[in-house]
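File shown: protein-v8.csv (CSV, N, CA and C atoms).
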```
chain,number,residue,atom,x,y,z
Q,1,GLN,N,107.9,109.3,83.1
Q,1,GLN,CA,106.9,108.4,82.6
Q,1,GLN,C,106.6,107.3,83.6
Q,2,GLU,N,105.4,107.1,83.9
Q,2,GLU,CA,105.0,106.0,84.9
Q,2,GLU,C,105.3,104.7,84.3
Q,3,ARG,N,105.8,103.8,85.2
Q,3,ARG,CA,106.1,102.4,84.7
Q,3,ARG,C,106.0,101.5,85.9
Q,4,LEU,N,105.8,100.2,85.6
Q,4,LEU,CA,105.8,99.2,86.6
Q,4,LEU,C,107.1,98.5,86.5
Q,5,VAL,N,107.7,98.3,87.7
Q,5,VAL,CA,109.0,97.6,87.8
Q,5,VAL,C,109.0,96.5,88.8
Q,6,GLU,N,109.2,95.3,88.2
Q,6,GLU,CA,109.1,94.1,89.1
Q,6,GLU,C,110.5,93.8,89.6
Q,7,SER,N,110.6,93.1,90.7
Q,7,SER,CA,111.8,92.6,91.3
Q,7,SER,C,111.5,91.5,92.2
Q,8,GLY,N,112.6,90.8,92.7
Q,8,GLY,CA,112.4,89.7,93.6
Q,8,GLY,C,112.5,88.3,93.1
Q,9,GLY,N,112.6,88.2,91.7
Q,9,GLY,CA,112.6,86.9,91.2
Q,9,GLY,C,114.0,86.2,91.4
Q,10,GLY,N,114.1,85.0,91.1
Q,10,GLY,CA,115.4,84.2,91.3
Q,10,GLY,C,115.2,82.8,91.2
Q,11,SER,N,116.2,82.0,91.6
Q,11,SER,CA,116.1,80.6,91.6
Q,11,SER,C,115.9,80.1,93.0
Q,12,VAL,N,115.1,79.1,93.2
Q,12,VAL,CA,114.8,78.6,94.5
Q,12,VAL,C,114.4,77.1,94.4
Q,13,GLN,N,114.8,76.4,95.4
Q,13,GLN,CA,114.5,74.9,95.4
Q,13,GLN,C,113.0,74.7,95.7
Q,14,ALA,N,112.5,73.6,95.2
Q,14,ALA,CA,111.1,73.3,95.4
Q,14,ALA,C,110.8,73.3,96.9
Q,15,GLY,N,109.6,73.8,97.2
Q,15,GLY,CA,109.3,73.9,98.6
Q,15,GLY,C,109.6,75.3,99.3
Q,16,GLY,N,110.4,76.0,98.6
Q,16,GLY,CA,110.9,77.3,99.1
Q,16,GLY,C,109.9,78.4,98.8
Q,17,SER,N,110.3,79.6,99.2
Q,17,SER,CA,109.5,80.8,99.1
Q,17,SER,C,110.2,82.0,98.4
Q,18,LEU,N,109.4,82.8,97.8
Q,18,LEU,CA,109.9,84.1,97.2
Q,18,LEU,C,108.9,85.1,97.4
Q,19,ARG,N,109.3,86.4,97.4
Q,19,ARG,CA,108.4,87.5,97.4
Q,19,ARG,C,108.7,88.4,96.3
Q,20,LEU,N,107.8,88.5,95.4
Q,20,LEU,CA,108.0,89.5,94.2
Q,20,LEU,C,107.4,90.8,94.6
Q,21,SER,N,108.1,91.9,94.1
Q,21,SER,CA,107.6,93.2,94.3
Q,21,SER,C,107.4,93.9,93.0
Q,22,CYS,N,106.5,94.8,93.0
Q,22,CYS,CA,106.2,95.6,91.8
Q,22,CYS,C,106.1,97.1,92.2
Q,23,ALA,N,107.0,97.9,91.9
Q,23,ALA,CA,107.0,99.3,92.1
Q,23,ALA,C,105.9,99.9,91.2
Q,24,ALA,N,104.9,100.5,91.7
Q,24,ALA,CA,103.7,100.9,90.9
Q,24,ALA,C,103.3,102.3,91.2
Q,25,ALA,N,104.2,103.2,91.4
Q,25,ALA,CA,103.9,104.6,91.7
Q,25,ALA,C,103.1,105.2,90.5
Q,26,GLY,N,102.0,105.8,90.9
Q,26,GLY,CA,101.2,106.4,89.9
Q,26,GLY,C,100.0,105.5,89.5
Q,27,PHE,N,100.1,104.2,89.8
Q,27,PHE,CA,99.1,103.3,89.3
Q,27,PHE,C,98.2,102.9,90.5
Q,28,THR,N,98.8,102.8,91.7
Q,28,THR,CA,98.0,102.2,92.8
Q,28,THR,C,96.8,103.0,93.2
Q,29,ASP,N,96.8,104.3,93.0
Q,29,ASP,CA,95.7,105.2,93.4
Q,29,ASP,C,94.6,105.1,92.3
Q,30,ARG,N,94.9,104.9,91.1
Q,30,ARG,CA,93.9,105.0,90.0
Q,30,ARG,C,93.4,103.7,89.5
Q,31,SER,N,94.2,102.6,89.8
Q,31,SER,CA,93.8,101.3,89.2
Q,31,SER,C,92.7,100.6,90.0
Q,32,TYR,N,91.7,100.2,89.3
Q,32,TYR,CA,90.6,99.4,89.9
Q,32,TYR,C,91.2,98.0,90.3
Q,33,SER,N,92.1,97.6,89.6
Q,33,SER,CA,92.7,96.3,89.9
Q,33,SER,C,94.2,96.2,89.5
Q,34,LEU,N,94.9,95.4,90.2
Q,34,LEU,CA,96.3,95.2,90.0
Q,34,LEU,C,96.5,93.7,90.0
Q,35,ALA,N,97.5,93.2,89.2
Q,35,ALA,CA,97.6,91.7,89.1
Q,35,ALA,C,99.0,91.3,88.9
Q,36,TRP,N,99.1,90.0,89.0
Q,36,TRP,CA,100.3,89.2,88.6
Q,36,TRP,C,99.9,88.2,87.6
Q,37,PHE,N,100.7,88.2,86.5
Q,37,PHE,CA,100.5,87.1,85.5
Q,37,PHE,C,101.9,86.4,85.4
Q,38,ARG,N,101.8,85.2,84.8
Q,38,ARG,CA,103.1,84.5,84.5
Q,38,ARG,C,103.0,83.8,83.2
Q,39,GLN,N,104.2,83.6,82.7
Q,39,GLN,CA,104.3,82.9,81.4
Q,39,GLN,C,105.4,81.8,81.5
Q,40,ALA,N,105.1,80.6,81.5
Q,40,ALA,CA,106.0,79.5,81.5
Q,40,ALA,C,106.6,79.3,80.1
Q,41,PRO,N,107.7,78.7,80.0
Q,41,PRO,CA,108.3,78.4,78.7
Q,41,PRO,C,107.4,77.6,77.8
Q,42,GLY,N,107.1,78.1,76.6
Q,42,GLY,CA,106.3,77.4,75.7
Q,42,GLY,C,104.8,77.5,75.9
Q,43,LYS,N,104.4,78.3,76.9
Q,43,LYS,CA,103.0,78.4,77.2
Q,43,LYS,C,102.5,79.9,77.1
Q,44,THR,N,101.2,80.0,77.1
Q,44,THR,CA,100.7,81.4,77.0
Q,44,THR,C,100.7,82.0,78.4
Q,45,ARG,N,100.6,83.3,78.4
Q,45,ARG,CA,100.6,84.0,79.7
Q,45,ARG,C,99.3,83.7,80.4
Q,46,GLU,N,99.3,83.5,81.8
Q,46,GLU,CA,98.2,83.2,82.5
Q,46,GLU,C,98.1,84.1,83.8
Q,47,GLY,N,96.8,84.4,84.2
Q,47,GLY,CA,96.6,85.1,85.4
Q,47,GLY,C,97.0,84.3,86.6
Q,48,VAL,N,97.7,84.9,87.5
Q,48,VAL,CA,98.1,84.2,88.8
Q,48,VAL,C,97.2,84.7,89.9
Q,49,ALA,N,97.2,86.1,90.1
Q,49,ALA,CA,96.4,86.7,91.2
Q,49,ALA,C,96.1,88.1,90.9
Q,50,THR,N,94.9,88.5,91.3
Q,50,THR,CA,94.4,89.9,91.1
Q,50,THR,C,93.9,90.5,92.4
Q,51,LEU,N,94.2,91.7,92.6
Q,51,LEU,CA,93.6,92.5,93.7
Q,51,LEU,C,92.8,93.6,93.2
Q,52,TYR,N,91.5,93.7,93.7
Q,52,TYR,CA,90.7,94.8,93.4
Q,52,TYR,C,90.8,95.8,94.5
Q,53,THR,N,91.2,97.0,94.2
Q,53,THR,CA,91.7,98.0,95.1
Q,53,THR,C,90.6,98.6,96.0
Q,54,LEU,N,89.4,98.7,95.5
Q,54,LEU,CA,88.3,99.4,96.3
Q,54,LEU,C,87.9,98.5,97.5
Q,55,GLY,N,87.7,97.3,97.3
Q,55,GLY,CA,87.2,96.4,98.3
Q,55,GLY,C,88.2,95.5,98.9
Q,56,GLY,N,89.3,95.4,98.2
Q,56,GLY,CA,90.4,94.4,98.6
Q,56,GLY,C,90.1,93.0,98.2
Q,57,THR,N,89.1,92.8,97.4
Q,57,THR,CA,88.9,91.4,96.9
Q,57,THR,C,90.0,90.9,96.1
Q,58,THR,N,90.4,89.6,96.3
Q,58,THR,CA,91.4,89.0,95.6
Q,58,THR,C,90.9,87.7,94.9
Q,59,TYR,N,91.6,87.4,93.8
Q,59,TYR,CA,91.3,86.2,93.0
Q,59,TYR,C,92.6,85.5,92.7
Q,60,TYR,N,92.6,84.2,92.7
Q,60,TYR,CA,93.8,83.4,92.5
Q,60,TYR,C,93.5,82.3,91.5
Q,61,ALA,N,94.5,82.0,90.7
Q,61,ALA,CA,94.4,80.8,89.9
Q,61,ALA,C,94.3,79.5,90.8
Q,62,ASP,N,93.6,78.6,90.4
Q,62,ASP,CA,93.4,77.3,91.2
Q,62,ASP,C,94.8,76.7,91.6
Q,63,SER,N,95.7,76.8,90.6
Q,63,SER,CA,97.0,76.2,90.8
Q,63,SER,C,97.9,76.9,91.9
Q,64,VAL,N,97.5,78.1,92.3
Q,64,VAL,CA,98.3,78.8,93.4
Q,64,VAL,C,97.5,79.1,94.6
Q,65,GLU,N,96.2,78.8,94.6
Q,65,GLU,CA,95.4,79.1,95.7
Q,65,GLU,C,95.9,78.4,97.0
Q,66,GLY,N,96.0,79.2,98.0
Q,66,GLY,CA,96.5,78.7,99.3
Q,66,GLY,C,98.1,78.7,99.4
Q,67,ARG,N,98.7,79.0,98.3
Q,67,ARG,CA,100.2,79.1,98.4
Q,67,ARG,C,100.7,80.5,98.1
Q,68,PHE,N,100.0,81.3,97.3
Q,68,PHE,CA,100.4,82.6,96.9
Q,68,PHE,C,99.5,83.6,97.6
Q,69,THR,N,100.0,84.8,97.9
Q,69,THR,CA,99.2,85.9,98.4
Q,69,THR,C,99.6,87.2,97.7
Q,70,ILE,N,98.6,87.8,97.2
Q,70,ILE,CA,98.8,89.1,96.6
Q,70,ILE,C,98.3,90.2,97.6
Q,71,TYR,N,99.2,91.3,97.7
Q,71,TYR,CA,98.8,92.4,98.6
Q,71,TYR,C,99.5,93.6,98.2
Q,72,LEU,N,98.9,94.7,98.7
Q,72,LEU,CA,99.3,96.1,98.2
Q,72,LEU,C,99.8,96.9,99.5
Q,73,ASP,N,100.9,97.5,99.4
Q,73,ASP,CA,101.3,98.5,100.4
Q,73,ASP,C,101.1,99.8,99.7
Q,74,LYS,N,100.0,100.5,100.1
Q,74,LYS,CA,99.7,101.7,99.4
Q,74,LYS,C,100.7,102.8,99.7
Q,75,ALA,N,101.2,102.8,101.0
Q,75,ALA,CA,102.2,103.8,101.4
Q,75,ALA,C,103.4,103.8,100.5
Q,76,LYS,N,103.8,102.6,100.1
Q,76,LYS,CA,105.0,102.4,99.3
Q,76,LYS,C,104.7,102.3,97.8
Q,77,SER,N,103.4,102.3,97.5
Q,77,SER,CA,103.0,102.2,96.1
Q,77,SER,C,103.6,100.9,95.5
Q,78,THR,N,103.5,99.8,96.3
Q,78,THR,CA,104.2,98.6,95.8
Q,78,THR,C,103.2,97.4,96.0
Q,79,LEU,N,103.1,96.7,94.9
Q,79,LEU,CA,102.3,95.4,94.9
Q,79,LEU,C,103.2,94.3,95.1
Q,80,TYR,N,102.8,93.3,95.9
Q,80,TYR,CA,103.6,92.1,96.2
Q,80,TYR,C,102.9,90.9,95.9
Q,81,LEU,N,103.7,89.8,95.7
Q,81,LEU,CA,103.2,88.5,95.5
Q,81,LEU,C,104.1,87.6,96.4
Q,82,GLN,N,103.5,87.2,97.5
Q,82,GLN,CA,104.2,86.2,98.4
Q,82,GLN,C,104.0,84.8,97.9
Q,83,MET,N,105.0,84.1,97.6
Q,83,MET,CA,104.9,82.8,97.0
Q,83,MET,C,105.5,81.8,98.0
Q,84,SER,N,104.8,80.7,98.3
Q,84,SER,CA,105.3,79.7,99.2
Q,84,SER,C,105.0,78.3,98.6
Q,85,SER,N,105.7,77.4,99.2
Q,85,SER,CA,105.6,76.0,98.7
Q,85,SER,C,105.7,75.9,97.2
Q,86,LEU,N,106.8,76.6,96.7
Q,86,LEU,CA,107.0,76.7,95.3
Q,86,LEU,C,107.3,75.3,94.7
Q,87,ALA,N,106.8,75.1,93.5
Q,87,ALA,CA,107.0,73.9,92.7
Q,87,ALA,C,107.6,74.2,91.4
Q,88,PRO,N,108.3,73.2,90.7
Q,88,PRO,CA,108.8,73.4,89.4
Q,88,PRO,C,107.9,74.0,88.4
Q,89,GLU,N,106.6,73.7,88.5
Q,89,GLU,CA,105.6,74.2,87.6
Q,89,GLU,C,105.3,75.6,87.8
Q,90,ASP,N,105.8,76.2,88.8
Q,90,ASP,CA,105.7,77.7,89.1
Q,90,ASP,C,106.7,78.5,88.3
Q,91,THR,N,107.7,77.8,87.7
Q,91,THR,CA,108.7,78.4,86.9
Q,91,THR,C,108.1,79.3,85.8
Q,92,GLY,N,108.6,80.5,85.6
Q,92,GLY,CA,108.2,81.3,84.5
Q,92,GLY,C,108.6,82.7,84.7
Q,93,MET,N,108.2,83.6,83.8
Q,93,MET,CA,108.4,85.0,83.9
Q,93,MET,C,107.1,85.6,84.5
Q,94,TYR,N,107.3,86.3,85.6
Q,94,TYR,CA,106.2,86.9,86.3
Q,94,TYR,C,106.1,88.4,86.0
Q,95,TYR,N,104.9,88.8,85.6
Q,95,TYR,CA,104.6,90.2,85.2
Q,95,TYR,C,103.6,90.8,86.1
Q,96,CYS,N,103.9,92.1,86.4
Q,96,CYS,CA,102.9,92.9,87.2
Q,96,CYS,C,102.1,93.6,86.1
Q,97,ALA,N,100.8,93.8,86.5
Q,97,ALA,CA,99.9,94.5,85.6
Q,97,ALA,C,99.0,95.4,86.4
Q,98,ALA,N,98.6,96.6,85.8
Q,98,ALA,CA,97.8,97.6,86.4
Q,98,ALA,C,96.8,98.2,85.5
Q,99,ASP,N,96.0,99.1,86.0
Q,99,ASP,CA,94.9,99.7,85.2
Q,99,ASP,C,94.1,98.6,84.6
Q,100,GLY,N,93.6,97.7,85.5
Q,100,GLY,CA,92.9,96.5,85.1
Q,100,GLY,C,91.4,96.7,85.2
Q,101,PRO,N,90.6,95.7,85.0
Q,101,PRO,CA,89.2,95.8,84.9
Q,101,PRO,C,88.5,96.1,86.3
Q,102,THR,N,87.3,96.5,86.2
Q,102,THR,CA,86.5,96.8,87.4
Q,102,THR,C,85.7,95.7,87.8
Q,103,TYR,N,85.5,94.7,87.0
Q,103,TYR,CA,84.7,93.5,87.3
Q,103,TYR,C,85.5,92.3,87.6
Q,104,GLY,N,85.1,91.6,88.7
Q,104,GLY,CA,85.8,90.4,89.1
Q,104,GLY,C,85.9,89.3,88.1
Q,105,SER,N,84.8,89.2,87.2
Q,105,SER,CA,84.8,88.1,86.3
Q,105,SER,C,85.9,88.2,85.3
Q,106,LYS,N,86.6,89.4,85.1
Q,106,LYS,CA,87.6,89.5,84.2
Q,106,LYS,C,89.0,89.6,84.8
Q,107,TRP,N,89.1,89.0,86.0
Q,107,TRP,CA,90.3,89.2,86.8
Q,107,TRP,C,91.6,88.6,86.1
Q,108,ASN,N,91.4,87.7,85.2
Q,108,ASN,CA,92.6,87.1,84.6
Q,108,ASN,C,92.6,87.4,83.1
Q,109,TRP,N,91.9,88.4,82.6
Q,109,TRP,CA,91.8,88.7,81.2
Q,109,TRP,C,93.0,89.7,80.9
Q,110,GLU,N,94.0,89.2,80.3
Q,110,GLU,CA,95.2,90.1,80.2
Q,110,GLU,C,94.9,91.3,79.3
Q,111,ASN,N,94.0,91.2,78.4
Q,111,ASN,CA,93.7,92.3,77.5
Q,111,ASN,C,93.0,93.4,78.2
Q,112,GLU,N,92.5,93.1,79.4
Q,112,GLU,CA,91.8,94.2,80.2
Q,112,GLU,C,92.8,95.0,81.0
Q,113,PHE,N,94.0,94.6,81.1
Q,113,PHE,CA,95.0,95.4,81.8
Q,113,PHE,C,95.8,96.3,80.9
Q,114,LYS,N,95.9,97.6,81.2
Q,114,LYS,CA,96.5,98.5,80.2
Q,114,LYS,C,98.0,98.8,80.5
Q,115,ALA,N,98.5,98.4,81.6
Q,115,ALA,CA,99.9,98.7,81.9
Q,115,ALA,C,100.6,97.4,82.4
Q,116,TRP,N,101.8,97.2,81.9
Q,116,TRP,CA,102.6,96.0,82.2
Q,116,TRP,C,104.0,96.4,82.5
Q,117,GLY,N,104.6,95.5,83.4
Q,117,GLY,CA,106.0,95.6,83.7
Q,117,GLY,C,106.8,94.7,82.7
Q,118,GLN,N,108.1,94.7,82.9
Q,118,GLN,CA,109.0,93.9,82.0
Q,118,GLN,C,109.1,92.5,82.4
Q,119,GLY,N,108.8,92.2,83.7
Q,119,GLY,CA,108.8,90.9,84.2
Q,119,GLY,C,110.0,90.6,85.0
Q,120,THR,N,109.9,89.6,85.9
Q,120,THR,CA,111.0,89.0,86.7
Q,120,THR,C,110.9,87.5,86.6
Q,121,GLN,N,112.1,86.9,86.4
Q,121,GLN,CA,112.1,85.5,86.2
Q,121,GLN,C,112.1,84.7,87.5
Q,122,VAL,N,111.3,83.7,87.6
Q,122,VAL,CA,111.3,82.8,88.7
Q,122,VAL,C,111.6,81.4,88.2
Q,123,THR,N,112.6,80.7,88.8
Q,123,THR,CA,112.9,79.4,88.5
Q,123,THR,C,112.9,78.5,89.7
Q,124,VAL,N,112.1,77.5,89.7
Q,124,VAL,CA,112.0,76.5,90.8
Q,124,VAL,C,112.6,75.2,90.4
Q,125,PHE,N,113.6,74.7,91.1
Q,125,PHE,CA,114.3,73.5,90.7
Q,125,PHE,C,114.0,72.4,91.8
Q,126,SER,N,114.0,71.2,91.3
Q,126,SER,CA,113.6,70.1,92.3
Q,126,SER,C,114.9,69.5,92.8
```
Would you give me this structure, written as structure tokens?
Amino acid sequence: QERLVESGGGSVQAGGSLRLSCAAAGFTDRSYSLAWFRQAPGKTREGVATLYTLGGTTYYADSVEGRFTIYLDKAKSTLYLQMSSLAPEDTGMYYCAADGPTYGSKWNWENEFKAWGQGTQVTVFS
């Protein structure tokens, strides 16, 4: 059965970097969009970054623009999220999502994504 598997989370000091990976075999060829979402303690899940596979267009939440980069290695069927200049407010569970929407306006609509991973925890301490 196809599934999304995240890895790369951990604890890091503020200002540091992490790279999250999402093994997405079976999804990368058919998904119009792939994304990373996160959920901080006590908050609702929010879209962090989305990649539209046909044209390579990316969207980012304002809070991570310029610090995070989403990219896809098609040969490895792996989606990545490179995170730099991490801050305590970046702490949360990070989820990979696939089979997403075809339109950019819905890039952070979690209900538009049909496949989800189990998540990987990111903790940023000051």
(Q) What parts of chain Q does DSSP call strand (DSSP E)? I'd like the answer as a count of residues only. (A) 57
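The space separating atom CA of Thr50 of chain Q from atom CA of Gly10 of chain Q comes to 21.8 Å.
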Q: Would you mind listing what lies within 9 Å of Gln121 of chain Q as a PyMOL selection string, with only C-alpha atoms counted and same-chain residues fewer than 5 positions away left out?
A: chain Q and resi 7-11+91-95
Limited to N, CA and C atoms, could you put the picked residues into a file as a compact mmCIF listing (two decimals), in the frame of the given file?
```
# COMPACT_ATOMS: atom_id res chain seq x y z
N SER Q 7 110.60 93.10 90.70
CA SER Q 7 111.80 92.60 91.30
C SER Q 7 111.50 91.50 92.20
N GLY Q 8 112.60 90.80 92.70
CA GLY Q 8 112.40 89.70 93.60
C GLY Q 8 112.50 88.30 93.10
N GLY Q 9 112.60 88.20 91.70
CA GLY Q 9 112.60 86.90 91.20
C GLY Q 9 114.00 86.20 91.40
N GLY Q 10 114.10 85.00 91.10
CA GLY Q 10 115.40 84.20 91.30
C GLY Q 10 115.20 82.80 91.20
N SER Q 11 116.20 82.00 91.60
CA SER Q 11 116.10 80.60 91.60
C SER Q 11 115.90 80.10 93.00
N THR Q 91 107.70 77.80 87.70
CA THR Q 91 108.70 78.40 86.90
C THR Q 91 108.10 79.30 85.80
N GLY Q 92 108.60 80.50 85.60
CA GLY Q 92 108.20 81.30 84.50
C GLY Q 92 108.60 82.70 84.70
N MET Q 93 108.20 83.60 83.80
CA MET Q 93 108.40 85.00 83.90
C MET Q 93 107.10 85.60 84.50
N TYR Q 94 107.30 86.30 85.60
CA TYR Q 94 106.20 86.90 86.30
C TYR Q 94 106.10 88.40 86.00
N TYR Q 95 104.90 88.80 85.60
CA TYR Q 95 104.60 90.20 85.20
C TYR Q 95 103.60 90.80 86.10
```
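Between atom CA of Ser84 of chain Q and atom CA of Ala14 of chain Q the separation is 9.4 Å.
The nearest approach to Phe27 of chain Q among the residues Q:Asp99, Q:Gly15, Q:Ala40, Q:Glu46, with only N, CA and C atoms taken into account, belongs to Q:Asp99.
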Q: Please provide the set of residues having any atom within 6 Å of Leu51 of chain Q, restricted to only N, CA and C atoms, with same-chain residues fewer than 3 positions apart removed, written as a PyMOL selection string.
A: chain Q and resi 32-35+56-59
Q: Would you work out the distance separating atom N of Ala61 of chain Q from atom C of Gly100 of chain Q, expressed in Å to one decimal?
A: 16.0 Å
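Considering all atoms listed in the file, the residue among Q:Ser126, Q:Glu2, Q:Glu110, Q:Tyr80 positioned nearest to Ser21 of chain Q is Q:Tyr80.
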Q | Residue with smallest distance to Val124 of chain Q - pool Q:Gly42, Q:Gly16, Q:Phe37, Q:Trp107, counting only N, CA and C atoms | A | Q:Gly16
Q: Just the residues within 6.5 Å of Ser77 of chain Q, please, counting only N, CA and C atoms, with nothing from its chain fewer than 2 positions along; format it as a VMD selection string.
A: chain Q and resid 22 to 26 28 73 to 75 79
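The residue set within 9 Å of Ser17 of chain Q, counting only C-alpha atoms and dropping same-chain residues fewer than 4 places from it, reads Q:Val12, Q:Gln13, Q:Gln82, Q:Met83, Q:Ser84, Q:Ser85, Q:Leu86.
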Q: Apply DSSP to the backbone of this structure and, from chain Q, keep only the residues in helix (DSSP H, G or I); write these as a PyMOL selection string.
A: chain Q and resi 74-76+88-90+104-106+110-112
Can you tell me, as a PDB file with N, CA and C atoms, keeping the file's coordinate frame, which residues sit within 5 Å of (102.9, 97.6, 84.0) in the file's frame, using only N, CA and C atoms?
```
ATOM      1  N   LEU Q   4     105.800 100.200  85.600  1.00  0.00           N
ATOM      2  CA  LEU Q   4     105.800  99.200  86.600  1.00  0.00           C
ATOM      3  C   LEU Q   4     107.100  98.500  86.500  1.00  0.00           C
ATOM      4  N   CYS Q  96     103.900  92.100  86.400  1.00  0.00           N
ATOM      5  CA  CYS Q  96     102.900  92.900  87.200  1.00  0.00           C
ATOM      6  C   CYS Q  96     102.100  93.600  86.100  1.00  0.00           C
ATOM      7  N   ALA Q  97     100.800  93.800  86.500  1.00  0.00           N
ATOM      8  CA  ALA Q  97      99.900  94.500  85.600  1.00  0.00           C
ATOM      9  C   ALA Q  97      99.000  95.400  86.400  1.00  0.00           C
ATOM     10  N   ALA Q  98      98.600  96.600  85.800  1.00  0.00           N
ATOM     11  CA  ALA Q  98      97.800  97.600  86.400  1.00  0.00           C
ATOM     12  C   ALA Q  98      96.800  98.200  85.500  1.00  0.00           C
ATOM     13  N   ALA Q 115      98.500  98.400  81.600  1.00  0.00           N
ATOM     14  CA  ALA Q 115      99.900  98.700  81.900  1.00  0.00           C
ATOM     15  C   ALA Q 115     100.600  97.400  82.400  1.00  0.00           C
ATOM     16  N   TRP Q 116     101.800  97.200  81.900  1.00  0.00           N
ATOM     17  CA  TRP Q 116     102.600  96.000  82.200  1.00  0.00           C
ATOM     18  C   TRP Q 116     104.000  96.400  82.500  1.00  0.00           C
ATOM     19  N   GLY Q 117     104.600  95.500  83.400  1.00  0.00           N
ATOM     20  CA  GLY Q 117     106.000  95.600  83.700  1.00  0.00           C
ATOM     21  C   GLY Q 117     106.800  94.700  82.700  1.00  0.00           C
TER      22      GLY Q 117
END
```
Padded axis-aligned box of segment 114-124 of chain Q (4 Å per side), centre and edge lengths, Å, one decimal, as lines of an AutoDock Vina configuration file:
```
center_x = 104.4
center_y = 87.0
center_z = 85.5
size_x = 25.0
size_y = 31.6
size_z = 18.6
```
